Structures are given as structure tokens and as C-alpha cells.
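> Structure file entry.tsv (TSV, C-alpha atoms and all ligand atoms) right here:
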chain	number	residue	atom	x	y	z
A	1	MET	CA	48.19	136.89	78.53
A	2	ILE	CA	51.85	136.26	77.86
A	3	ILE	CA	53.69	134.43	80.60
A	4	THR	CA	57.20	135.77	80.81
A	5	SER	CA	59.93	133.35	81.69
A	6	HIS	CA	62.58	135.20	83.61
A	7	SER	CA	65.99	133.65	83.57
A	8	SER	CA	66.80	133.04	87.21
A	9	ASN	CA	69.54	135.30	88.40
A	10	PRO	CA	71.74	133.95	91.18
A	11	PHE	CA	69.99	134.32	94.53
A	12	PRO	CA	71.62	137.22	96.40
A	13	ASP	CA	73.15	136.64	99.82
A	14	ASN	CA	71.89	139.85	101.48
A	15	VAL	CA	68.13	139.21	101.34
A	16	ASP	CA	66.11	140.62	104.27
A	17	GLN	CA	62.66	139.37	103.31
A	18	MET	CA	60.87	137.17	100.80
A	19	PHE	CA	57.39	137.23	99.37
A	20	THR	CA	56.64	133.69	98.24
A	21	HIS	CA	53.89	131.73	96.42
A	22	CYS	CA	52.68	134.74	94.49
A	23	ARG	CA	51.52	135.61	91.03
A	24	MET	CA	53.10	138.75	89.64
A	25	ALA	CA	52.44	141.29	86.93
A	26	THR	CA	55.86	142.92	86.80
A	27	MET	CA	54.73	145.62	84.27
A	28	ALA	CA	58.36	145.68	83.05
A	29	LYS	CA	58.57	147.13	79.53
A	30	GLY	CA	54.94	148.21	79.77
A	31	ASN	CA	53.55	144.67	79.49
A	32	TYR	CA	51.89	142.54	82.14
A	33	GLY	CA	55.06	140.44	82.41
A	34	ILE	CA	53.16	137.72	84.24
A	35	MET	CA	54.90	135.18	86.45
A	36	LYS	CA	53.11	132.44	88.35
A	37	ASN	CA	54.21	130.44	91.37
A	38	ALA	CA	56.88	133.04	91.86
A	39	ALA	CA	58.81	134.76	94.63
A	40	LEU	CA	60.25	138.20	95.19
A	41	ALA	CA	63.21	139.07	97.42
A	42	VAL	CA	63.85	142.41	99.09
A	43	SER	CA	67.23	143.66	100.28
A	44	GLY	CA	67.02	146.92	102.19
A	45	LYS	CA	64.80	149.25	100.18
A	46	LYS	CA	65.22	147.44	96.86
A	47	ILE	CA	63.89	144.43	95.03
A	48	SER	CA	66.93	142.16	94.78
A	49	TRP	CA	65.58	139.03	93.08
A	50	ILE	CA	62.50	137.77	91.26
A	51	GLY	CA	62.09	134.21	90.09
A	52	PRO	CA	60.14	130.97	90.20
A	53	MET	CA	59.55	129.24	93.53
A	54	ASP	CA	61.56	126.23	92.41
A	55	ALA	CA	64.67	128.42	91.95
A	56	LEU	CA	64.71	129.40	95.64
A	57	PRO	CA	67.50	128.05	97.84
A	58	GLU	CA	66.46	125.02	99.90
A	59	THR	CA	66.66	126.90	103.16
A	60	LEU	CA	65.97	130.59	103.64
A	61	GLY	CA	67.63	130.73	107.08
A	62	THR	CA	66.60	133.83	109.02
A	63	ILE	CA	65.00	135.62	106.09
A	64	LYS	CA	61.52	136.93	106.95
A	65	VAL	CA	59.00	135.20	104.68
A	66	THR	CA	55.51	136.39	103.72
A	67	ASP	CA	53.45	133.66	102.05
A	68	CYS	CA	51.24	135.44	99.48
A	69	ARG	CA	48.92	132.41	99.12
A	70	ASN	CA	48.80	132.78	95.31
A	71	GLN	CA	47.67	136.42	95.48
A	72	TRP	CA	48.90	138.93	92.92
A	73	ILE	CA	51.79	141.37	93.39
A	74	LEU	CA	51.87	144.46	91.19
A	75	PRO	CA	54.05	147.56	91.35
A	76	GLY	CA	52.63	150.31	93.54
A	77	PHE	CA	50.64	152.89	91.59
A	78	VAL	CA	52.56	155.97	90.51
A	79	ASP	CA	50.13	158.91	90.40
A	80	CYS	CA	51.99	161.36	88.16
A	81	HIS	CA	49.46	164.25	88.19
A	82	THR	CA	47.68	165.59	91.28
A	83	HIS	CA	46.71	168.88	92.89
A	84	LEU	CA	46.50	167.21	96.29
A	85	ILE	CA	47.04	170.29	98.49
A	86	TRP	CA	44.05	172.60	98.85
A	87	ALA	CA	41.59	173.98	101.37
A	88	GLY	CA	37.84	174.40	101.02
A	89	SER	CA	35.19	172.36	99.24
A	90	ARG	CA	33.52	172.67	95.85
A	91	ALA	CA	30.68	170.18	96.43
A	92	ASP	CA	28.23	173.09	96.36
A	93	GLU	CA	29.32	173.86	92.78
A	94	PHE	CA	28.68	170.25	91.83
A	95	GLU	CA	25.13	170.68	93.05
A	96	MET	CA	24.78	174.01	91.23
A	97	ARG	CA	25.98	172.47	87.98
A	98	LEU	CA	23.57	169.57	88.35
A	99	ALA	CA	20.82	172.14	88.83
A	100	GLY	CA	21.78	173.74	85.52
A	101	ALA	CA	24.15	176.56	86.56
A	102	SER	CA	26.78	177.51	83.98
A	103	TYR	CA	30.45	178.13	84.74
A	104	ALA	CA	29.76	181.85	84.43
A	105	ASP	CA	26.96	181.55	87.02
A	106	ILE	CA	29.32	179.68	89.34
A	107	ALA	CA	32.10	182.22	88.85
A	108	ARG	CA	29.67	185.08	89.62
A	109	ALA	CA	28.68	183.29	92.83
A	110	GLY	CA	32.37	183.27	93.87
A	111	GLY	CA	32.98	179.66	92.84
A	112	GLY	CA	35.41	177.94	90.52
A	113	ILE	CA	39.15	177.75	90.99
A	114	PHE	CA	39.24	181.11	92.77
A	115	SER	CA	37.14	179.78	95.65
A	116	THR	CA	39.92	177.19	96.14
A	117	VAL	CA	42.57	179.91	95.80
A	118	THR	CA	40.82	182.05	98.44
A	119	ALA	CA	40.48	179.13	100.87
A	120	THR	CA	44.06	177.96	100.27
A	121	ARG	CA	45.47	181.46	100.82
A	122	ALA	CA	43.49	181.74	104.06
A	123	ALA	CA	44.60	178.35	105.45
A	124	ASP	CA	47.81	178.25	107.46
A	125	GLU	CA	50.52	175.73	106.67
A	126	ASP	CA	49.57	173.34	109.47
A	127	MET	CA	45.94	173.25	108.37
A	128	LEU	CA	46.92	172.57	104.75
A	129	PHE	CA	49.32	169.86	105.91
A	130	ASP	CA	46.60	168.24	108.01
A	131	LEU	CA	44.13	168.19	105.10
A	132	ALA	CA	46.72	166.93	102.61
A	133	SER	CA	48.16	164.24	104.87
A	134	ARG	CA	44.67	162.75	105.25
A	135	ARG	CA	44.44	162.61	101.44
A	136	MET	CA	47.84	160.92	101.31
A	137	ALA	CA	46.58	158.32	103.82
A	138	ARG	CA	43.58	157.65	101.57
A	139	PHE	CA	45.90	157.27	98.58
A	140	LEU	CA	48.00	154.76	100.52
A	141	ARG	CA	44.92	152.64	101.20
A	142	GLN	CA	44.30	152.64	97.43
A	143	GLY	CA	47.78	151.33	96.61
A	144	ILE	CA	49.31	154.62	95.43
A	145	THR	CA	52.98	154.59	96.45
A	146	THR	CA	54.39	157.57	94.52
A	147	VAL	CA	52.55	160.89	94.25
A	148	GLU	CA	53.25	163.96	92.17
A	149	ILE	CA	51.87	167.12	93.81
A	150	LYS	CA	51.51	170.51	92.16
A	151	SER	CA	51.20	173.95	93.68
A	152	GLY	CA	48.90	176.36	91.82
A	153	TYR	CA	46.15	177.37	94.27
A	154	GLY	CA	48.17	180.29	95.62
A	155	LEU	CA	48.92	182.34	92.51
A	156	ASP	CA	50.98	184.60	94.75
A	157	LEU	CA	54.50	183.97	95.96
A	158	ASP	CA	53.73	183.35	99.63
A	159	THR	CA	50.92	180.86	99.06
A	160	GLU	CA	52.76	179.02	96.29
A	161	LEU	CA	55.75	178.62	98.64
A	162	LYS	CA	53.42	177.53	101.46
A	163	MET	CA	51.94	174.79	99.26
A	164	LEU	CA	55.37	173.55	98.19
A	165	ALA	CA	56.52	173.57	101.84
A	166	VAL	CA	53.51	171.38	102.68
A	167	ALA	CA	54.50	168.98	99.89
A	168	GLY	CA	57.98	168.79	101.43
A	169	ARG	CA	56.49	167.98	104.83
A	170	LEU	CA	54.32	165.26	103.26
A	171	GLN	CA	57.44	163.68	101.75
A	172	LYS	CA	58.94	163.43	105.24
A	173	ALA	CA	55.78	162.44	107.12
A	174	CYS	CA	54.08	159.99	104.72
A	175	PRO	CA	55.39	156.64	103.54
A	176	GLN	CA	54.92	157.50	99.86
A	177	ASP	CA	57.48	159.22	97.69
A	178	VAL	CA	56.44	162.73	96.67
A	179	SER	CA	57.49	164.50	93.49
A	180	THR	CA	56.83	168.24	93.68
A	181	THR	CA	55.87	170.57	90.80
A	182	PHE	CA	55.55	174.37	90.77
A	183	LEU	CA	52.38	175.42	88.89
A	184	GLY	CA	52.34	179.18	89.47
A	185	ALA	CA	50.94	179.60	85.94
A	186	HIS	CA	47.75	177.66	86.71
A	187	ALA	CA	45.23	180.52	86.37
A	188	LEU	CA	45.32	184.29	86.18
A	189	PRO	CA	44.80	185.75	89.67
A	190	PRO	CA	41.98	188.35	89.77
A	191	LYS	CA	44.46	191.05	90.80
A	192	PHE	CA	46.04	190.70	87.34
A	193	ALA	CA	42.78	190.71	85.35
A	194	GLY	CA	43.52	191.91	81.82
A	195	ARG	CA	47.29	191.85	82.53
A	196	SER	CA	48.30	188.25	82.04
A	197	ASP	CA	51.71	189.22	80.64
A	198	ASP	CA	52.43	191.05	83.90
A	199	TYR	CA	51.54	187.96	85.91
A	200	ILE	CA	53.79	185.78	83.73
A	201	LYS	CA	56.60	188.29	84.36
A	202	GLU	CA	56.04	187.85	88.08
A	203	VAL	CA	56.15	184.06	87.73
A	204	VAL	CA	59.36	184.24	85.68
A	205	ARG	CA	61.22	186.99	87.52
A	206	ILE	CA	60.15	186.48	91.12
A	207	MET	CA	58.49	183.14	91.77
A	208	LEU	CA	60.68	180.75	89.75
A	209	PRO	CA	64.02	181.99	91.18
A	210	GLU	CA	62.61	181.85	94.73
A	211	VAL	CA	61.28	178.32	94.27
A	212	LYS	CA	64.68	177.35	92.90
A	213	ASP	CA	66.53	178.99	95.81
A	214	GLN	CA	64.40	177.12	98.33
A	215	GLY	CA	64.92	173.79	96.50
A	216	ILE	CA	61.28	172.81	97.01
A	217	ALA	CA	60.24	171.66	93.53
A	218	THR	CA	61.82	169.60	90.78
A	219	ALA	CA	59.47	170.42	87.90
A	220	VAL	CA	57.53	173.35	86.51
A	221	ASP	CA	54.08	173.07	84.93
A	222	VAL	CA	51.88	175.55	83.04
A	223	PHE	CA	48.19	175.46	82.06
A	224	CYS	CA	48.31	176.34	78.35
A	225	GLU	CA	44.70	176.93	77.29
A	226	ASN	CA	42.45	179.67	75.99
A	227	ILE	CA	41.09	180.14	79.53
A	228	ALA	CA	44.59	180.21	81.03
A	229	PHE	CA	47.95	181.05	79.39
A	230	SER	CA	49.07	181.30	75.78
A	231	ARG	CA	51.72	179.33	73.98
A	232	ASP	CA	54.06	182.34	74.04
A	233	GLN	CA	53.55	182.82	77.78
A	234	THR	CA	54.16	179.11	78.27
A	235	ARG	CA	57.43	179.43	76.37
A	236	GLN	CA	58.59	182.27	78.62
A	237	VAL	CA	57.95	180.21	81.76
A	238	PHE	CA	59.64	177.12	80.31
A	239	GLU	CA	62.72	179.02	79.12
A	240	LYS	CA	63.32	180.34	82.61
A	241	ALA	CA	62.49	176.99	84.23
A	242	LEU	CA	64.97	175.15	82.00
A	243	ALA	CA	67.65	177.78	82.62
A	244	LEU	CA	67.19	177.19	86.36
A	245	GLY	CA	67.45	173.41	85.93
A	246	PHE	CA	63.80	172.37	86.42
A	247	ALA	CA	62.11	169.61	84.45
A	248	ILE	CA	59.04	170.87	82.57
A	249	LYS	CA	55.56	169.48	81.87
A	250	LEU	CA	52.34	170.94	80.50
A	251	HIS	CA	48.56	170.95	80.94
A	252	ALA	CA	47.84	170.90	77.21
A	253	GLU	CA	45.02	170.58	74.71
A	254	GLN	CA	42.35	169.88	77.35
A	255	LEU	CA	39.58	172.15	76.03
A	256	SER	CA	40.98	173.33	72.68
A	257	ASP	CA	44.02	172.89	70.47
A	258	SER	CA	46.53	175.61	71.43
A	259	ASN	CA	49.37	173.46	70.05
A	260	GLY	CA	51.16	173.80	73.38
A	261	THR	CA	52.12	170.15	73.19
A	262	ALA	CA	54.45	170.67	70.21
A	263	LEU	CA	56.18	173.51	72.04
A	264	ALA	CA	56.54	171.55	75.27
A	265	ALA	CA	57.78	168.42	73.48
A	266	GLN	CA	60.38	170.40	71.51
A	267	MET	CA	61.59	172.01	74.73
A	268	GLY	CA	62.06	168.55	76.31
A	269	ALA	CA	58.96	168.23	78.50
A	270	LEU	CA	58.67	165.03	80.51
A	271	SER	CA	54.94	164.86	79.81
A	272	CYS	CA	51.96	166.62	78.30
A	273	ASP	CA	48.76	166.04	80.22
A	274	HIS	CA	45.03	165.88	79.27
A	275	LEU	CA	45.45	166.02	75.43
A	276	GLU	CA	41.80	165.63	74.37
A	277	TYR	CA	42.31	168.10	71.47
A	278	LEU	CA	45.83	167.00	70.49
A	279	SER	CA	46.59	167.20	66.75
A	280	LEU	CA	48.55	164.63	64.77
A	281	ASP	CA	51.36	167.17	64.45
A	282	GLY	CA	51.49	167.59	68.23
A	283	ALA	CA	51.53	163.81	68.68
A	284	ARG	CA	54.40	163.49	66.20
A	285	LYS	CA	56.41	166.03	68.17
A	286	MET	CA	55.78	164.01	71.34
A	287	ALA	CA	57.02	160.87	69.59
A	288	ASP	CA	60.11	162.66	68.27
A	289	HIS	CA	61.06	163.92	71.72
A	290	GLY	CA	60.04	161.00	73.96
A	291	THR	CA	57.28	162.93	75.75
A	292	VAL	CA	54.84	160.89	77.85
A	293	ALA	CA	51.08	161.36	77.24
A	294	VAL	CA	49.34	161.64	80.63
A	295	LEU	CA	45.62	160.85	80.34
A	296	LEU	CA	43.25	162.19	83.00
A	297	PRO	CA	39.87	160.54	82.55
A	298	GLY	CA	38.60	161.78	85.93
A	299	ALA	CA	38.49	165.39	84.70
A	300	PHE	CA	36.94	164.28	81.40
A	301	TYR	CA	34.23	162.45	83.33
A	302	TYR	CA	33.43	165.15	85.88
A	303	LEU	CA	33.35	167.89	83.25
A	304	ARG	CA	31.14	165.70	81.04
A	305	GLU	CA	33.50	166.24	78.12
A	306	THR	CA	32.81	164.43	74.88
A	307	ARG	CA	36.07	164.54	72.95
A	308	ILE	CA	38.47	161.78	73.94
A	309	PRO	CA	42.27	161.91	73.59
A	310	PRO	CA	43.65	160.43	70.34
A	311	VAL	CA	44.67	157.07	71.75
A	312	GLU	CA	45.27	155.69	68.25
A	313	TYR	CA	47.99	158.30	67.66
A	314	PHE	CA	49.71	157.27	70.87
A	315	ARG	CA	49.57	153.60	69.93
A	316	ASN	CA	50.68	154.11	66.34
A	317	LEU	CA	53.51	156.47	67.27
A	318	ARG	CA	54.52	154.39	70.32
A	319	ILE	CA	54.07	157.30	72.71
A	320	PRO	CA	53.92	155.98	76.28
A	321	MET	CA	50.50	156.58	77.88
A	322	ALA	CA	50.29	157.26	81.61
A	323	VAL	CA	47.04	157.61	83.55
A	324	ALA	CA	46.65	159.68	86.72
A	325	THR	CA	43.96	160.79	89.15
A	326	ASP	CA	44.38	164.57	88.60
A	327	LEU	CA	43.04	164.74	92.17
A	328	ASN	CA	41.67	168.25	92.65
A	329	PRO	CA	38.56	169.79	94.22
A	330	GLY	CA	37.07	171.21	91.02
A	331	SER	CA	37.21	168.78	88.12
A	332	SER	CA	38.52	165.47	89.52
A	333	PRO	CA	37.75	164.67	93.15
A	334	VAL	CA	39.01	161.12	92.58
A	335	PHE	CA	40.82	159.56	95.54
A	336	GLY	CA	42.05	156.32	94.04
A	337	MET	CA	43.61	154.75	90.98
A	338	MET	CA	41.07	151.93	90.45
A	339	PRO	CA	38.29	154.31	89.32
A	340	VAL	CA	40.77	155.98	86.98
A	341	LEU	CA	41.78	152.63	85.48
A	342	ASN	CA	38.12	151.82	84.95
A	343	MET	CA	37.43	155.19	83.30
A	344	ALA	CA	40.57	154.94	81.14
A	345	CYS	CA	39.26	151.64	79.76
A	346	LEU	CA	35.58	152.50	79.40
A	347	LEU	CA	35.79	156.18	78.42
A	348	PHE	CA	39.10	156.32	76.50
A	349	GLY	CA	39.26	152.75	75.16
A	350	LEU	CA	42.52	151.64	76.76
A	351	THR	CA	43.11	147.94	77.26
A	352	CYS	CA	43.49	146.81	80.86
A	353	GLU	CA	47.18	146.18	80.20
A	354	GLU	CA	47.62	149.71	78.81
A	355	ALA	CA	45.76	151.26	81.74
A	356	LEU	CA	47.82	149.33	84.30
A	357	ALA	CA	51.07	150.24	82.52
A	358	GLY	CA	49.80	153.83	82.59
A	359	ALA	CA	49.38	153.77	86.36
A	360	THR	CA	52.75	152.12	87.00
A	361	ILE	CA	55.75	152.16	84.64
A	362	ASN	CA	54.52	154.98	82.37
A	363	GLY	CA	53.50	157.09	85.37
A	364	ALA	CA	57.10	156.64	86.57
A	365	ARG	CA	58.39	157.69	83.15
A	366	ALA	CA	56.27	160.85	83.31
A	367	LEU	CA	58.10	161.73	86.55
A	368	ASN	CA	61.54	160.71	85.24
A	369	LEU	CA	61.56	157.96	87.87
A	370	ALA	CA	61.44	154.88	85.63
A	371	ASP	CA	64.91	153.81	86.71
A	372	CYS	CA	63.65	153.20	90.25
A	373	LYS	CA	59.82	153.02	90.22
A	374	GLY	CA	56.89	151.59	88.28
A	375	SER	CA	57.79	147.93	87.69
A	376	LEU	CA	58.89	144.85	89.59
A	377	GLU	CA	62.52	144.39	88.58
A	378	PRO	CA	65.70	143.70	90.55
A	379	GLY	CA	67.42	146.97	91.42
A	380	LYS	CA	64.21	148.99	91.59
A	381	ASP	CA	62.62	150.32	94.78
A	382	ALA	CA	60.61	147.67	96.65
A	383	ASP	CA	57.29	149.53	96.16
A	384	PHE	CA	54.52	147.04	95.54
A	385	VAL	CA	51.00	145.99	96.43
A	386	ILE	CA	49.57	142.56	97.17
A	387	TRP	CA	46.08	142.26	95.70
A	388	ASP	CA	43.38	139.69	96.43
A	389	VAL	CA	42.12	139.43	92.84
A	390	ASP	CA	41.75	136.70	90.22
A	391	THR	CA	43.61	138.61	87.53
A	392	PRO	CA	45.27	142.06	87.13
A	393	ALA	CA	42.37	143.07	84.87
A	394	ASP	CA	40.16	143.02	87.99
A	395	LEU	CA	41.86	146.28	89.02
A	396	CYS	CA	40.30	147.92	85.93
A	397	TYR	CA	37.08	145.92	85.97
A	398	LEU	CA	35.82	146.13	89.55
A	399	THR	CA	34.41	149.26	91.14
A	400	GLY	CA	33.28	149.98	94.69
A	401	ILE	CA	35.94	147.84	96.33
A	402	THR	CA	39.71	148.04	96.74
A	403	PRO	CA	40.77	144.40	97.12
A	404	LEU	CA	44.18	145.23	98.53
A	405	GLN	CA	46.03	143.24	101.18
A	406	ASN	CA	49.41	144.89	101.77
A	407	VAL	CA	51.23	147.95	100.57
A	408	VAL	CA	55.03	147.83	100.72
A	409	ILE	CA	57.08	150.98	100.12
A	410	GLY	CA	60.87	150.97	100.11
A	411	GLY	CA	60.81	147.43	101.52
A	412	LYS	CA	58.67	148.44	104.53
A	413	THR	CA	55.07	147.43	105.05
A	414	ALA	CA	53.23	150.76	104.86
A	415	TYR	CA	49.66	149.50	105.09
A	416	VAL	CA	47.92	146.20	105.83
A	417	MET	CA	44.22	145.69	105.16
A	418	ALA	CA	42.54	145.14	108.49
B	501	ZN	ZN	45.90	169.16	86.53
Let me see whether you can do it: turn the structure in this file into C-alpha cells.

Amino acid sequence: MIITSHSSNPFPDNVDQMFTHCRMATMAKGNYGIMKNAALAVSGKKISWIGPMDALPETLGTIKVTDCRNQWILPGFVDCHTHLIWAGSRADEFEMRLAGASYADIARAGGGIFSTVTATRAADEDMLFDLASRRMARFLRQGITTVEIKSGYGLDLDTELKMLAVAGRLQKACPQDVSTTFLGAHALPPKFAGRSDDYIKEVVRIMLPEVKDQGIATAVDVFCENIAFSRDQTRQVFEKALALGFAIKLHAEQLSDSNGTALAAQMGALSCDHLEYLSLDGARKMADHGTVAVLLPGAFYYLRETRIPPVEYFRNLRIPMAVATDLNPGSSPVFGMMPVLNMACLLFGLTCEEALAGATINGARALNLADCKGSLEPGKDADFVIWDVDTPADLCYLTGITPLQNVVIGGKTAYVMA
């Protein structure tokens, strides 16, 4: 571990609260950035100072002080890829698969993504909000302070808009920050069977302009895969999305190499996600265009995949790696970041430092939020978690517990372990 010595900036005069006697992994620049016997000051919603205890002023006056008793502070987790809004359950499919059923068997029995689409279409907005806000509460208790949420279980205009409206309500009602993505091109709705170009036309001509008019998403995602949409269809969606001013991102190279990554990177995508089948050429395009690689080991694990993403390419080409839960009811019912960190290390071979950078600063980069989220640095949002662990690596190493003490979001205590 490298211990970073931070030059002590002058102590600001507008500090509201202090967190003292802590150890910190700032995750600035994607490294642990460890500081011991340190303190962190918050002014309003922002971190305003970080430094050693012995650089504190002699008296802190009326500043509220929390003594961290040598516990660790890390940035709050930034979960940059979720499908958190849905209705229904797919646990029965899990049992069917364990009993030997194939995907075709499950689809014939009315299962798969379309069972989620049917249940999500049938649920009213309040019911979806109720289900999703409980998931957000679970995420909070796991130290996740920023959440990306995709639509994509409607596959018709009304339900897609309903899902995005729920995401907007979550942003207002929950302490976490929410980043909302339109994923109308997630799967081909049965009504359009054999006519995928017609569905893409509907996404481009009707859905995207309406989502833009309502101002309820900032990014547009597509599932580019042989079971979903082609590279050419992806390009059509992205061209319209960019013309309307959306950021773009892609589900790419999960089950085969469609070379969607190269297209997305060249069009300026924030991230390409999954990437098990990524080619060296695709990785080079990501490096050339600053695209973040979002790794989703939960889906890899639940689908019992065997091909892992080319982590060596990402390291050699200095492509930032993020990790995310991919929370969804079909392939990744994973409600916390610690299991994902563990899987990223054990299944994909990330170091603990890489995995933690993936769940913090690189997750923020994947959402274009790295100027305000993902690391402990003066000027950034005061989003952090106090952990009762011996070392940051414990967050990757331990399973079955979440040794969290406090979650602070925007300078406010959002959760305290009972
Ligand atoms: Zn996904």
C-alpha cells in the first residue's frame, strides 16, 4: 500500500462538520490514496478539506465533530449500471434452470425478459415506485450513494416513460443521486417479431424525441448482441440520441463479438458494458476514445458464463475499469456492491484496488460524474461511507456481512448502522 502524503491546504473558514481520527482510502486517481490519522471537513454538500489530524486548527469552535475511532472512510459506491425498476419475480426460472431447463424451455413457459416486461407493463407507477424505492433503501444500506437506472422493461412508449418517471421520483425521494438512462432498445417486443427494423424506427422516431421532450433521461443505451440488436441498428439509435443531446453507452460483447464496442467508442460512448467477447481492436478503439469498460461479474456468475473480459487489454491500454451490480431480476439479482467486488476479484482477476476504483472513481467516470463523485477530494460531493474494517481490501474479501457504520450523502447522514 502506498501512503499518500497530501500537502495540507489551508483550513477553510466555512466548515460545518468534521470527521476526525480516521483512516481514508481517497481513491483519487484510481489508487487507494491512503491517509492515516486523518480528518475530513465538510462545508454544505461538499468535501472542503482533507488532511492529517496534526494540521487541524487548535480549536474547532462550533463545528460538529464525528470521531471515527480509526475506522476507514471511502467514497460512496457509484453503481453505474442497474435495471433497478421492475415488477414480478424470476426466482421460478432460477429453479427451472437448476432443474435443467434451457432458455428455450423457459421462454416457452412464458419466462425470460418478457415475463418482466409483462409484469412491468401491468404495474402502475405507484407500485413500481414502491418496489424500486425499497431496492434503493437496500442499496443505501450497502453503501451505494449514486445509482444509474435504465428503463427497458416496457418496450413500448407508455411503459418506458412510466419507468423513467419512477426513476425521477426516486431521485427526489431517496437520498442517493440517480442517473437515468433510456434503454428502449433492450429486447425486441413480441409484437415486432421478425420486424426488428420497424421497432428500431419506433425507438428513433417516436420514443427518443418524447423522452427528450420530457427531460427524463440523460443517456441512451442499446443491447447490441445477436439475441438483441445489430450494429447497424445500434448506430441508428445512437445517431438520433447524439443529435438530441443524450450521452450514449452500450451493452456490448456479452455473449458474442458483434464489434459494437468499436462503433460505440468511435461515436463517443461514455462506457461499454459487459465486454466478455471484446476483441483487441475493440479495446484499442476504447482506449483511443476514452471509453470506460464497465465489468458486470454478477451476470457472468448467474449465467454461469466461462469467458471472462480481457482485463489484460484494459490494463495494458490504460482503459479505466468500472464494476457495477447490473441489478436486474433475470441475470443479476445482486443487491450490493461487496459481492460484486468479491466476484470481480475472484472471477475476473482484478486486484482489490482495481475493484474498489471500479466501484468508485471509475463508476463515476462511466456516468460522466467524475468531477463531483467517486473519490474523496476537496470540491467533490461529500458522499462517503465509514467502514468498520481492518483494511479497504476487506470490502472485496469478506462476504455475508456489510461492515458499514455511516453513509453520508451530500454532507447529510443518510444511514447509520443500528
Ligand atoms: Zn444491463
> With all atoms listed in the file counted, collect every polymer residue having an atom within 7 Å of ligand ZN 501 (chain B); state the result as a PDB file with C-alpha atoms, in the frame of the given file.

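Generated output (result-v3.pdb):
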ATOM      1  CA  HIS A  81      49.460 164.250  88.190  1.00  0.00           C
ATOM      2  CA  THR A  82      47.680 165.590  91.280  1.00  0.00           C
ATOM      3  CA  HIS A  83      46.710 168.880  92.890  1.00  0.00           C
ATOM      4  CA  HIS A 251      48.560 170.950  80.940  1.00  0.00           C
ATOM      5  CA  ASP A 326      44.380 164.570  88.600  1.00  0.00           C
TER       6      ASP A 326
END
> Find the spatial neighbours of Glu353 of chain A, counting only C-alpha atoms, within a cut-off of 12 Å - ignore same-chain residues fewer than 5 positions away - and output them as a ChimeraX atom specification.
/A:1-2,25-34,321-323,341-342,344-345,358-362,391-397
> Counting all atoms listed in the file, what is within 10 Å of Asp383 of chain A, bar same-chain residues fewer than 2 positions away, as a ChimeraX atom specification?
/A:45-47,74-78,143-146,176-177,372-376,380-381,385,407-414
> Quick one: distance from atom CA of Val222 of chain A to atom CA of Ala185 of chain A in Å, one decimal?
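For atom CA of Val222 of chain A relative to atom CA of Ala185 of chain A, the distance reads 5.1 Å.
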> With 12 Å as the threshold, what does the neighbourhood of (68.6, 133.9, 107.4) contain in terms of residues, counting only C-alpha atoms? Coordinates are those of the file; answer as a list in words.
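Residues found, by chain and rising number: Pro12, Asp13, Asn14, Val15, Asp16, Gln17, Met18, Pro57, Glu58, Thr59, Leu60, Gly61, Thr62, Ile63, Lys64 and Val65 of chain A.
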> To one decimal place, how far is atom CA of Glu160 of chain A from atom CA of Lys201 of chain A in Å?
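Distance between the two atoms: 15.6 Å.
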> Dump as JSON lines the rows for residues of segment 157-272 of chain A within 10 Å of segment 128-140 of chain A: closest atom pair and distance in Å with one decimal, only C-alpha atoms counted, ordered by chain and rising residue number.

{"residue": "A:Lys162", "atom": "CA", "partner": "A:Leu128", "partner_atom": "CA", "distance": 8.8}
{"residue": "A:Met163", "atom": "CA", "partner": "A:Leu128", "partner_atom": "CA", "distance": 7.8}
{"residue": "A:Ala165", "atom": "CA", "partner": "A:Phe129", "partner_atom": "CA", "distance": 9.1}
{"residue": "A:Val166", "atom": "CA", "partner": "A:Phe129", "partner_atom": "CA", "distance": 5.5}
{"residue": "A:Ala167", "atom": "CA", "partner": "A:Phe129", "partner_atom": "CA", "distance": 8.0}
{"residue": "A:Gly168", "atom": "CA", "partner": "A:Phe129", "partner_atom": "CA", "distance": 9.8}
{"residue": "A:Arg169", "atom": "CA", "partner": "A:Phe129", "partner_atom": "CA", "distance": 7.5}
{"residue": "A:Leu170", "atom": "CA", "partner": "A:Ser133", "partner_atom": "CA", "distance": 6.4}
{"residue": "A:Gln171", "atom": "CA", "partner": "A:Ser133", "partner_atom": "CA", "distance": 9.8}
{"residue": "A:Ala173", "atom": "CA", "partner": "A:Ser133", "partner_atom": "CA", "distance": 8.1}
{"residue": "A:Cys174", "atom": "CA", "partner": "A:Met136", "partner_atom": "CA", "distance": 7.2}
{"residue": "A:Pro175", "atom": "CA", "partner": "A:Leu140", "partner_atom": "CA", "distance": 8.2}
{"residue": "A:Gln176", "atom": "CA", "partner": "A:Leu140", "partner_atom": "CA", "distance": 7.5}
{"residue": "A:Val178", "atom": "CA", "partner": "A:Met136", "partner_atom": "CA", "distance": 9.9}
> Quick one, how far is atom CA of Thr261 of chain A from atom CA of Gly282 of chain A?
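Atom CA of Gly282 of chain A lies at a distance of 5.6 Å from atom CA of Thr261 of chain A.
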> Step by step: start from the point (54.6, 164.1, 79.5) in the file's coordinates, keep every protein, DNA or RNA residue that has an atom no farther than 9 Å from it, count only C-alpha atoms, and write the set as a list of chain:residue names.
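Answer for this query, in the requested form: A:Ile248, A:Lys249, A:Leu250, A:Ala264, A:Ala265, A:Ala269, A:Leu270, A:Ser271, A:Cys272, A:Asp273, A:Met286, A:Gly290, A:Thr291, A:Val292, A:Ala293, A:Val294, A:Pro320, A:Met321, A:Ala322, A:Arg365, A:Ala366, A:Leu367.
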> Compare A:Gly110, A:Leu275, A:Gln236, A:Gln142 by their minimum atom-to-atom distance to Met417 of chain A, counting all atoms listed in the file, and give me the closest one.
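Checking each candidate against Met417 of chain A, we get A:Gln142 as the closest.
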> Can you work out which one of A:Cys352, A:Ser258, A:Leu157, A:Leu296 has the shortest atom-to-atom distance to Glu210 of chain A, counting only C-alpha atoms?
A:Leu157
> Given all atoms listed in the file as the basis, pick out the residue of A:Gly330, A:Gln233, A:Leu56, A:Ala193 nearest to Gly111 of chain A.
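Among A:Gly330, A:Gln233, A:Leu56, A:Ala193, it is A:Gly330 that comes nearest to Gly111 of chain A.
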> Which centre and edge lengths in Å to one decimal define the box along x, y and z that fits every listed atom of segment 273-285 of chain A plus 4 Å per side, as JSON?

{"center_x": 49.1, "center_y": 165.8, "center_z": 72.3, "size_x": 22.6, "size_y": 12.6, "size_z": 23.8}
> May I have the residues within 10 Å of Tyr199 of chain A as a ChimeraX atom specification, using only C-alpha atoms and disregarding those fewer than 3 positions away in the same chain?
/A:155-156,184-185,187-189,191-196,202-205,233
> Determine the nearest neighbour of Ala287 of chain A from the options A:Arg307, A:Thr402, A:Gly268, A:Ser102, counting all atoms listed in the file.
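Under the stated criterion, the closest residue is A:Gly268.
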> Name the closest residue to Gly88 of chain A among the candidates A:Pro329, A:Trp49, A:Ala104, A:Leu183; distances are taken between atoms, counting all atoms listed in the file.
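That would be A:Pro329, the residue with the smallest distance to Gly88 of chain A.
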> Can you pull out the residues contacting Gln405 of chain A? Cut-off 6 Å, using only C-alpha atoms, and skip same-chain residues under 4 positions away; I want them as a PyMOL selection string.
chain A and resi 386-387+416-417
